[in-house]
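Reviewing the structure listed below.
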Amino acid sequence: MSNLHEMYEKIGISEQVYQYGEKICASLKERFTAIDEVAEYNQLKVLSALQKNKVSDIHFAATTGYGYNDLGRDTLEQVYADIFHTEDALVRPQLICGTHALAIALSSNLLPGDELLSISGKPYDTLEEVIGIRPSTGSLKEYGVSYAQVDLLPNGEFDFEGIRNAIHENTKMIEIQRSKGYQTRPTLSVEKIGKAIAFVKSINPEIICMVDNCYGEFVETIEPSDVGADMVVGSLIKNPGGGLAPIGGYIAGTKKCIERAAYRLSAPGLGKEVGATLGIMQSFYQGLFLAPTVVAGALKGAIFAANIYESLGFKVVPDSVESRHDIIQAVEFGKPEYVIAFCKGIQAAAPVDSCAAPEPWDMPGYDSQVIMAAGAFVQGSSIELSADGPIKPPYAVYFQGGLTWYHAKTGILKSLQQIVDEGLVTVIK
């Protein structure tokens with residue numbers, strides 16, 4: 001193993017930091033075994049759906065123009081529907097990102113006079129302008145859709161009494177954000193989401209329940225659609241794209257919800273019948289096939305990060321022993337210089353643009369400066385090694401991704417090395 005140590009030294013990891021990391025790794029073997037078991041289950045689930053739909057190389061063929069009769073596109077959507085156990089799915093390169101997929105799901109299923117109710121508190125920053133919480137051209141608010149929210153309780157649980165009081169005759173859809181976004185609250189388990197959906201349906205079974213599933217796919221053996229969600233929505237440059245999808249998003253759910261989403265994405269009367277795939281279907285299929293093991297590597301990296309930084313005295317969410325329901329690890333530093341140093345370390349570990357130095361900037365869709373580290377093969381691919389955070393209290397950084405566990409490990413060690421080199425912390429072997 002001395003050669004391995006030397007390789008870490010070559011990329012700038014000191015012996016002190018390396019040994020500190022190895023001590024943490026040795027304590028995580030049992031956790032990692034459990035992650036591998038979930039990945040094995042999900043790998044079989046994906047494989048079964050691919051085989052059921054008789055996927056062959058003809059499904060990788062390119063289409064252009066209108067994209068009529070795109071066999072690969074239509075079959076992939078059936079594969080997603082089978083994996084998520086839904087009536088239908090919309091899986092398209094024309095869905096630019098997770099925010100776009102969510103915007104399509106919301107705007108297609110909400111009409112003027114309807115109300116959207118978030119029952120998991122404030123949604124992710126980029127949805128604020130989609131909804132109209134922050135004024136923006138083309139927001140739901142501009143089209144006469146109102147918004148209300150019920151915050152989670154201080155312990156991170158759903159406020160069922162608050163939800164009951166908030167639901168009224170105009171409540172058309174409830175939104176649940178599985179992951180924490182730029183908050184230091186717990187990620188919601190599929191089991192908890194299922195209980196909340198059942199509660200809402202007991203009040204009014206006609207209310208559409210939509211789950212923002214970003215960062216959560218394949219972390220557990222079940223998805224929100226298995227526990228009653230009418231729509232689950234996510235990005236292909238996060239978990240389900242397996243690091244190979246160059247763009248895209250998905251919406252899986254009831255046939256009615258997906259039909260409306262398809263009409264909004266293309267045009268009324270066209271729906272799912274159009275949408276050329278331009279030769280990227282192999283990446284979509286192969287990325288989906290790899291996704292369970294890629295997610296497992298990212299989860300290991302998140303747990304490693306939690307244990308590293310908790311042992312140094314920082315607040316981490318989830319903590320070092322909590323169960324995991326997404327791939328994001330938050331570290332609350334309390335000071336901006338720690339956030340910036342952490343991101344510099346992650347960037348230095350990247351396979352692409354490792355020489356770049358990330359800096360805070362005024363990123364569109366956010367209400368404060370944001371720093372992002374991501375030397376990725378696909379721009380903005382959150383399943384690849386990345387870290388980001390708003391430069392505002394509590395000065396937390398959000399780490400995610402790593403196409404392999406070994407790269408995730410390297411990224412965390414580089415982040416720690418950068419913080420040590422700047423004299424912000426001291427580690428002891």
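Identifiers in this document derive from the order of the structure tokens: chains are assigned A, B, ..., residues are numbered from 1 separately in each chain, and ligands are numbered from 1 in order of occurrence.
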Practice item. Select from segment 37-281 of chain A everything DSSP, run on the backbone, classes as strand (DSSP E or B), then give the selection as an NGL selection string. Key: :A and (88-92 or 115-118 or 146-149 or 171-177 or 208-212 or 231-235 or 249-253)
Prev. selection, C-alpha atoms, output as a tab-separated table (two decimals), in the first residue's frame:
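Here's the written file again-v3.tsv:
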```tsv
chain	number	residue	atom	x	y	z
A	88	ASP	CA	-46.05	6.83	-17.85
A	89	ALA	CA	-42.87	8.92	-18.04
A	90	LEU	CA	-41.41	11.82	-19.98
A	91	VAL	CA	-37.62	11.50	-20.43
A	92	ARG	CA	-36.22	14.08	-22.84
A	115	GLU	CA	-52.88	26.93	-5.48
A	116	LEU	CA	-49.54	25.17	-5.11
A	117	LEU	CA	-48.78	24.16	-1.53
A	118	SER	CA	-45.25	23.21	-0.48
A	146	SER	CA	-51.09	31.16	-5.91
A	147	TYR	CA	-48.55	29.67	-3.54
A	148	ALA	CA	-48.47	28.72	0.12
A	149	GLN	CA	-46.10	26.69	2.25
A	171	THR	CA	-55.30	23.56	-3.32
A	172	LYS	CA	-54.58	21.69	-6.55
A	173	MET	CA	-51.06	20.37	-5.96
A	174	ILE	CA	-48.70	19.78	-3.08
A	175	GLU	CA	-44.96	19.87	-3.63
A	176	ILE	CA	-42.46	17.93	-1.54
A	177	GLN	CA	-38.73	18.53	-1.91
A	208	ILE	CA	-51.80	16.06	-7.10
A	209	CYS	CA	-48.74	15.12	-5.06
A	210	MET	CA	-45.47	16.00	-6.78
A	211	VAL	CA	-42.04	15.12	-5.39
A	212	ASP	CA	-38.84	16.91	-6.37
A	231	MET	CA	-45.32	12.75	-10.15
A	232	VAL	CA	-41.61	12.37	-9.40
A	233	VAL	CA	-39.27	14.77	-11.13
A	234	GLY	CA	-35.52	14.90	-11.57
A	235	SER	CA	-32.49	15.70	-13.68
A	249	GLY	CA	-34.63	15.49	-17.24
A	250	TYR	CA	-37.48	13.15	-16.39
A	251	ILE	CA	-41.02	13.29	-15.08
A	252	ALA	CA	-42.59	9.96	-14.10
A	253	GLY	CA	-46.17	9.68	-12.94
```
Exercise for review: Name the residues in contact with Asp125 of chain A at a cut-off of 12 Å, using only C-alpha atoms, excluding same-chain residues fewer than 3 positions from it; report them as a ChimeraX atom specification.
Suggested key: /A:99,121-122,128-134,177,180-183,363-368,370,389-390
Study note, to complete from the structure: Here atom CA of Glu206 of chain A and atom CA of Ile83 of chain A stand apart by 24.5 Å
Review point. Using only C-alpha atoms, which of A:Lys52, A:His100, A:His407, A:Lys192 sits nearest Val294 of chain A?
Key: A:His407
Exercise for review: Identify all residues of segment 210-335 of chain A in helix (DSSP H, G or I) (DSSP on the backbone) and supply them as a PyMOL selection string.
Suggested key: chain A and resi 224-227+239-241+255-265+271-273+281-311
Practice item. Would you please work out which residue, of A:Ala298, A:Ala349, A:Asp159, A:Pro268, is nearest to Ile13 of chain A when using only C-alpha atoms? Key: A:Ala349
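Residues with any atom within 7 Å of Asp326 of chain A, counting only C-alpha atoms and excluding same-chain neighbours fewer than 4 positions away, are Ser179, Thr187, Tyr215, Gly216 and Val219 of chain A.
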Point to revise | Ser323 of chain A environment, 10 Å, only C-alpha atoms, sequence neighbours closer than 6 positions dropped, as a list of chain:residue names | key: A:Arg31, A:Thr187, A:Ser189, A:Ile303
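As for atom CA of Leu413 of chain A and atom CA of Glu37 of chain A, they are spaced 25.7 Å apart.
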Study note, to complete from the structure: For Leu299 of chain A, the closest of A:Gln347, A:Gln51, A:Gln400, A:Ser266 counting only C-alpha atoms is A:Gln400
Point to revise | Surrounding residues of Gly228 of chain A excluding itself and chain neighbours under 4 positions, 12 Å, only C-alpha atoms, as a VMD selection string | key: chain A and resid 84 to 86 190 to 202 205 207 to 211 222 to 224 232 253 to 254
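Counting only C-alpha atoms and comparing A:Gly345, A:Pro135, A:Gly423, A:Pro360, the residue that lies closest to Lys409 of chain A is A:Gly345.
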Check your understanding: Near Val55 of chain A, within 12 Å and counting only C-alpha atoms, which residues show up once chain neighbours fewer than 2 positions away are dropped, as number ranges by chain?
Key -> A: 46-53, 57-61, 71-79, 281-282, 285-286, 289
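As for atom CA of Ser136 of chain A and atom CA of Ala103 of chain A, they are spaced 13.0 Å apart.
Nearest residue to Lys45 of chain A among A:Ile371, A:Ala291, A:Leu153, A:Val331 is A:Ala291, counting only C-alpha atoms.
Distances to Cys257 of chain A were evaluated for A:Leu312, A:Met372, A:Leu106, A:Ala357 using only C-alpha atoms, and the minimum falls at A:Leu106.
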Name the residues in contact with segment 374-378 of chain A at a cut-off of 9 Å, using only C-alpha atoms, excluding same-chain residues fewer than 2 positions from it; report them as a PDB file with N, CA and C atoms, in the first residue's frame.
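File written: around.pdb
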```pdb
ATOM      1  N   ILE A 237     -28.633  14.884 -15.308  1.00  0.00           N
ATOM      2  CA  ILE A 237     -27.236  15.162 -14.990  1.00  0.00           C
ATOM      3  C   ILE A 237     -27.001  15.089 -13.484  1.00  0.00           C
ATOM      4  N   GLY A 243     -23.753   9.951 -14.821  1.00  0.00           N
ATOM      5  CA  GLY A 243     -22.556  10.661 -15.252  1.00  0.00           C
ATOM      6  C   GLY A 243     -22.329  10.645 -16.747  1.00  0.00           C
ATOM      7  N   LEU A 244     -23.160   9.923 -17.497  1.00  0.00           N
ATOM      8  CA  LEU A 244     -22.995   9.845 -18.955  1.00  0.00           C
ATOM      9  C   LEU A 244     -23.988  10.717 -19.707  1.00  0.00           C
ATOM     10  N   ALA A 245     -25.174  10.919 -19.153  1.00  0.00           N
ATOM     11  CA  ALA A 245     -26.169  11.748 -19.834  1.00  0.00           C
ATOM     12  C   ALA A 245     -25.643  13.174 -19.951  1.00  0.00           C
ATOM     13  N   PRO A 246     -25.603  13.734 -21.168  1.00  0.00           N
ATOM     14  CA  PRO A 246     -25.054  15.080 -21.340  1.00  0.00           C
ATOM     15  C   PRO A 246     -26.050  16.199 -21.069  1.00  0.00           C
ATOM     16  N   ILE A 247     -27.317  15.854 -20.907  1.00  0.00           N
ATOM     17  CA  ILE A 247     -28.391  16.822 -20.678  1.00  0.00           C
ATOM     18  C   ILE A 247     -29.634  16.002 -20.345  1.00  0.00           C
ATOM     19  N   CYS A 343     -14.150  24.514  -1.381  1.00  0.00           N
ATOM     20  CA  CYS A 343     -14.446  24.432  -2.818  1.00  0.00           C
ATOM     21  C   CYS A 343     -13.169  24.445  -3.654  1.00  0.00           C
ATOM     22  N   ILE A 346     -11.932  20.866  -3.656  1.00  0.00           N
ATOM     23  CA  ILE A 346     -12.726  20.011  -4.546  1.00  0.00           C
ATOM     24  C   ILE A 346     -12.349  20.267  -6.004  1.00  0.00           C
ATOM     25  N   GLN A 347     -12.205  21.541  -6.368  1.00  0.00           N
ATOM     26  CA  GLN A 347     -11.833  21.877  -7.743  1.00  0.00           C
ATOM     27  C   GLN A 347     -10.466  21.306  -8.100  1.00  0.00           C
ATOM     28  N   ALA A 348      -9.554  21.352  -7.153  1.00  0.00           N
ATOM     29  CA  ALA A 348      -8.197  20.851  -7.395  1.00  0.00           C
ATOM     30  C   ALA A 348      -8.176  19.341  -7.598  1.00  0.00           C
ATOM     31  N   ALA A 349      -9.222  18.654  -7.167  1.00  0.00           N
ATOM     32  CA  ALA A 349      -9.297  17.197  -7.327  1.00  0.00           C
ATOM     33  C   ALA A 349     -10.005  16.789  -8.612  1.00  0.00           C
ATOM     34  N   ALA A 350     -10.468  17.758  -9.393  1.00  0.00           N
ATOM     35  CA  ALA A 350     -11.295  17.459 -10.565  1.00  0.00           C
ATOM     36  C   ALA A 350     -10.465  16.916 -11.727  1.00  0.00           C
ATOM     37  N   PRO A 351     -11.067  16.074 -12.577  1.00  0.00           N
ATOM     38  CA  PRO A 351     -10.383  15.615 -13.786  1.00  0.00           C
ATOM     39  C   PRO A 351     -10.374  16.658 -14.894  1.00  0.00           C
ATOM     40  N   VAL A 352     -11.245  17.653 -14.787  1.00  0.00           N
ATOM     41  CA  VAL A 352     -11.375  18.718 -15.782  1.00  0.00           C
ATOM     42  C   VAL A 352     -11.254  20.058 -15.053  1.00  0.00           C
ATOM     43  N   ASP A 353     -10.462  20.973 -15.591  1.00  0.00           N
ATOM     44  CA  ASP A 353     -10.300  22.307 -15.007  1.00  0.00           C
ATOM     45  C   ASP A 353      -9.791  22.282 -13.573  1.00  0.00           C
ATOM     46  N   SER A 354      -8.908  21.340 -13.277  1.00  0.00           N
ATOM     47  CA  SER A 354      -8.378  21.257 -11.914  1.00  0.00           C
ATOM     48  C   SER A 354      -7.518  22.466 -11.555  1.00  0.00           C
ATOM     49  N   ALA A 356      -8.319  25.544 -12.221  1.00  0.00           N
ATOM     50  CA  ALA A 356      -9.160  26.713 -11.992  1.00  0.00           C
ATOM     51  C   ALA A 356      -9.353  26.950 -10.500  1.00  0.00           C
ATOM     52  N   PRO A 358     -12.162  28.400  -8.019  1.00  0.00           N
ATOM     53  CA  PRO A 358     -13.548  28.887  -7.917  1.00  0.00           C
ATOM     54  C   PRO A 358     -13.648  30.118  -7.023  1.00  0.00           C
ATOM     55  N   MET A 372     -19.160  27.736  -6.646  1.00  0.00           N
ATOM     56  CA  MET A 372     -19.360  26.388  -7.167  1.00  0.00           C
ATOM     57  C   MET A 372     -18.035  25.809  -7.635  1.00  0.00           C
ATOM     58  N   GLY A 380     -22.212  21.388 -15.107  1.00  0.00           N
ATOM     59  CA  GLY A 380     -23.274  21.406 -14.110  1.00  0.00           C
ATOM     60  C   GLY A 380     -23.723  20.043 -13.627  1.00  0.00           C
ATOM     61  N   SER A 381     -22.982  19.003 -13.981  1.00  0.00           N
ATOM     62  CA  SER A 381     -23.377  17.643 -13.609  1.00  0.00           C
ATOM     63  C   SER A 381     -23.133  17.397 -12.129  1.00  0.00           C
ATOM     64  N   SER A 382     -24.215  17.383 -11.354  1.00  0.00           N
ATOM     65  CA  SER A 382     -24.089  17.268  -9.901  1.00  0.00           C
ATOM     66  C   SER A 382     -23.777  15.856  -9.424  1.00  0.00           C
ATOM     67  N   GLU A 384     -21.330  14.245 -10.718  1.00  0.00           N
ATOM     68  CA  GLU A 384     -19.879  14.266 -10.706  1.00  0.00           C
ATOM     69  C   GLU A 384     -19.415  15.026  -9.461  1.00  0.00           C
ATOM     70  N   LEU A 385     -18.153  14.881  -9.120  1.00  0.00           N
ATOM     71  CA  LEU A 385     -17.609  15.515  -7.922  1.00  0.00           C
ATOM     72  C   LEU A 385     -17.838  17.021  -7.964  1.00  0.00           C
ATOM     73  N   SER A 386     -18.550  17.538  -6.998  1.00  0.00           N
ATOM     74  CA  SER A 386     -18.831  18.969  -6.979  1.00  0.00           C
ATOM     75  C   SER A 386     -19.146  19.436  -5.565  1.00  0.00           C
ATOM     76  N   ALA A 387     -19.032  20.737  -5.387  1.00  0.00           N
ATOM     77  CA  ALA A 387     -19.382  21.352  -4.102  1.00  0.00           C
ATOM     78  C   ALA A 387     -19.809  22.778  -4.386  1.00  0.00           C
ATOM     79  N   ASP A 388     -20.752  23.257  -3.629  1.00  0.00           N
ATOM     80  CA  ASP A 388     -21.232  24.612  -3.836  1.00  0.00           C
ATOM     81  C   ASP A 388     -21.925  25.097  -2.573  1.00  0.00           C
TER      82      ASP A 388
END
```
